Amino acid sequence: MQVFDILRKPVVTEKSTLLQEEGRYTFEVAPRATKHQIKRAVEEAFGVEVVRVNTMNVRGKRRRFGPRFTTGPSKKKAIVLLAPGDTITIFEGV
């Protein structure tokens, strides 16, 4: 898998911006990506050193349209801890 096949997009929420102060960055990743692949992809894409990767599968939300129910798409998120002193500038708004 290529770098940008693994890293889909950054997750920018209130909670993820608070985690950035600790050097933790959140990405939406490919559902079949492993922790090792995610670590390599972040290191190649941004030129930083990754210490740890935590992943989670997020189930799609259930919504109602009249009498019918439907489910949104499921996602996989990765929270990446960088080495002290490393930052990713796309999150900084530069």
# chains A, B, ... in the order shown; residues from 1 in each chain; ligands from 1
>>> residues_around(residues="range 74-90 of chain A", least_positions_apart="5", cutoff="9 Å", atoms="only C-alpha atoms", output="VMD selection string")
chain A and resid 10 to 11 16 20 22 to 33 35 38 to 39 42 46 to 61
>>> select_by_dssp(residues="chain A", states="alpha helix (DSSP H)", output="PyMOL selection string")
chain A and resi 3-6+14-20+35-46
>>> write_last_selection(atoms="N, CA and C atoms", output="short mmCIF file (atom, residue, chain, number, x, y, z; two decimals), in the first residue's frame")
data_model
loop_
_atom_site.label_atom_id
_atom_site.label_comp_id
_atom_site.auth_asym_id
_atom_site.auth_seq_id
_atom_site.Cartn_x
_atom_site.Cartn_y
_atom_site.Cartn_z
N VAL A 3 1.60 5.41 0.74
CA VAL A 3 1.43 6.24 1.93
C VAL A 3 0.03 6.83 1.99
N PHE A 4 -0.43 7.39 0.88
CA PHE A 4 -1.71 8.08 0.91
C PHE A 4 -2.89 7.14 0.65
N ASP A 5 -2.61 5.85 0.41
CA ASP A 5 -3.68 4.84 0.46
C ASP A 5 -3.96 4.50 1.91
N ILE A 6 -2.95 4.57 2.76
CA ILE A 6 -3.11 4.23 4.18
C ILE A 6 -3.70 5.41 4.94
N GLU A 14 -12.51 18.77 18.38
CA GLU A 14 -12.08 19.45 19.60
C GLU A 14 -11.15 18.55 20.42
N LYS A 15 -11.52 17.28 20.52
CA LYS A 15 -10.70 16.36 21.29
C LYS A 15 -9.33 16.11 20.64
N SER A 16 -9.31 15.99 19.31
CA SER A 16 -8.04 15.74 18.65
C SER A 16 -7.11 16.95 18.72
N THR A 17 -7.66 18.16 18.74
CA THR A 17 -6.80 19.33 18.88
C THR A 17 -6.22 19.43 20.29
N LEU A 18 -6.95 18.97 21.29
CA LEU A 18 -6.40 18.93 22.65
C LEU A 18 -5.28 17.89 22.76
N LEU A 19 -5.40 16.77 22.02
CA LEU A 19 -4.36 15.75 22.05
C LEU A 19 -3.07 16.22 21.37
N GLN A 20 -3.18 17.18 20.45
CA GLN A 20 -1.99 17.69 19.76
C GLN A 20 -1.01 18.35 20.71
N LYS A 35 -0.81 -1.41 12.33
CA LYS A 35 -0.10 -0.37 13.08
C LYS A 35 1.28 -0.10 12.48
N HIS A 36 1.96 -1.15 12.03
CA HIS A 36 3.28 -0.98 11.44
C HIS A 36 3.20 -0.17 10.14
N GLN A 37 2.19 -0.45 9.31
CA GLN A 37 2.01 0.30 8.07
C GLN A 37 1.68 1.76 8.34
N ILE A 38 0.85 2.01 9.36
CA ILE A 38 0.48 3.39 9.71
C ILE A 38 1.71 4.14 10.20
N LYS A 39 2.52 3.50 11.03
CA LYS A 39 3.74 4.13 11.55
C LYS A 39 4.67 4.52 10.41
N ARG A 40 4.91 3.59 9.48
CA ARG A 40 5.78 3.86 8.34
C ARG A 40 5.22 4.97 7.46
N ALA A 41 3.90 4.98 7.25
CA ALA A 41 3.28 5.99 6.39
C ALA A 41 3.42 7.39 6.98
N VAL A 42 3.21 7.54 8.28
CA VAL A 42 3.32 8.85 8.92
C VAL A 42 4.78 9.32 8.89
N GLU A 43 5.71 8.41 9.16
CA GLU A 43 7.12 8.78 9.13
C GLU A 43 7.57 9.21 7.74
N GLU A 44 7.10 8.52 6.68
CA GLU A 44 7.47 8.88 5.32
C GLU A 44 6.81 10.18 4.88
N ALA A 45 5.54 10.36 5.22
CA ALA A 45 4.79 11.51 4.73
C ALA A 45 5.22 12.82 5.39
N PHE A 46 5.55 12.78 6.67
CA PHE A 46 5.79 14.02 7.41
C PHE A 46 7.22 14.16 7.94
#
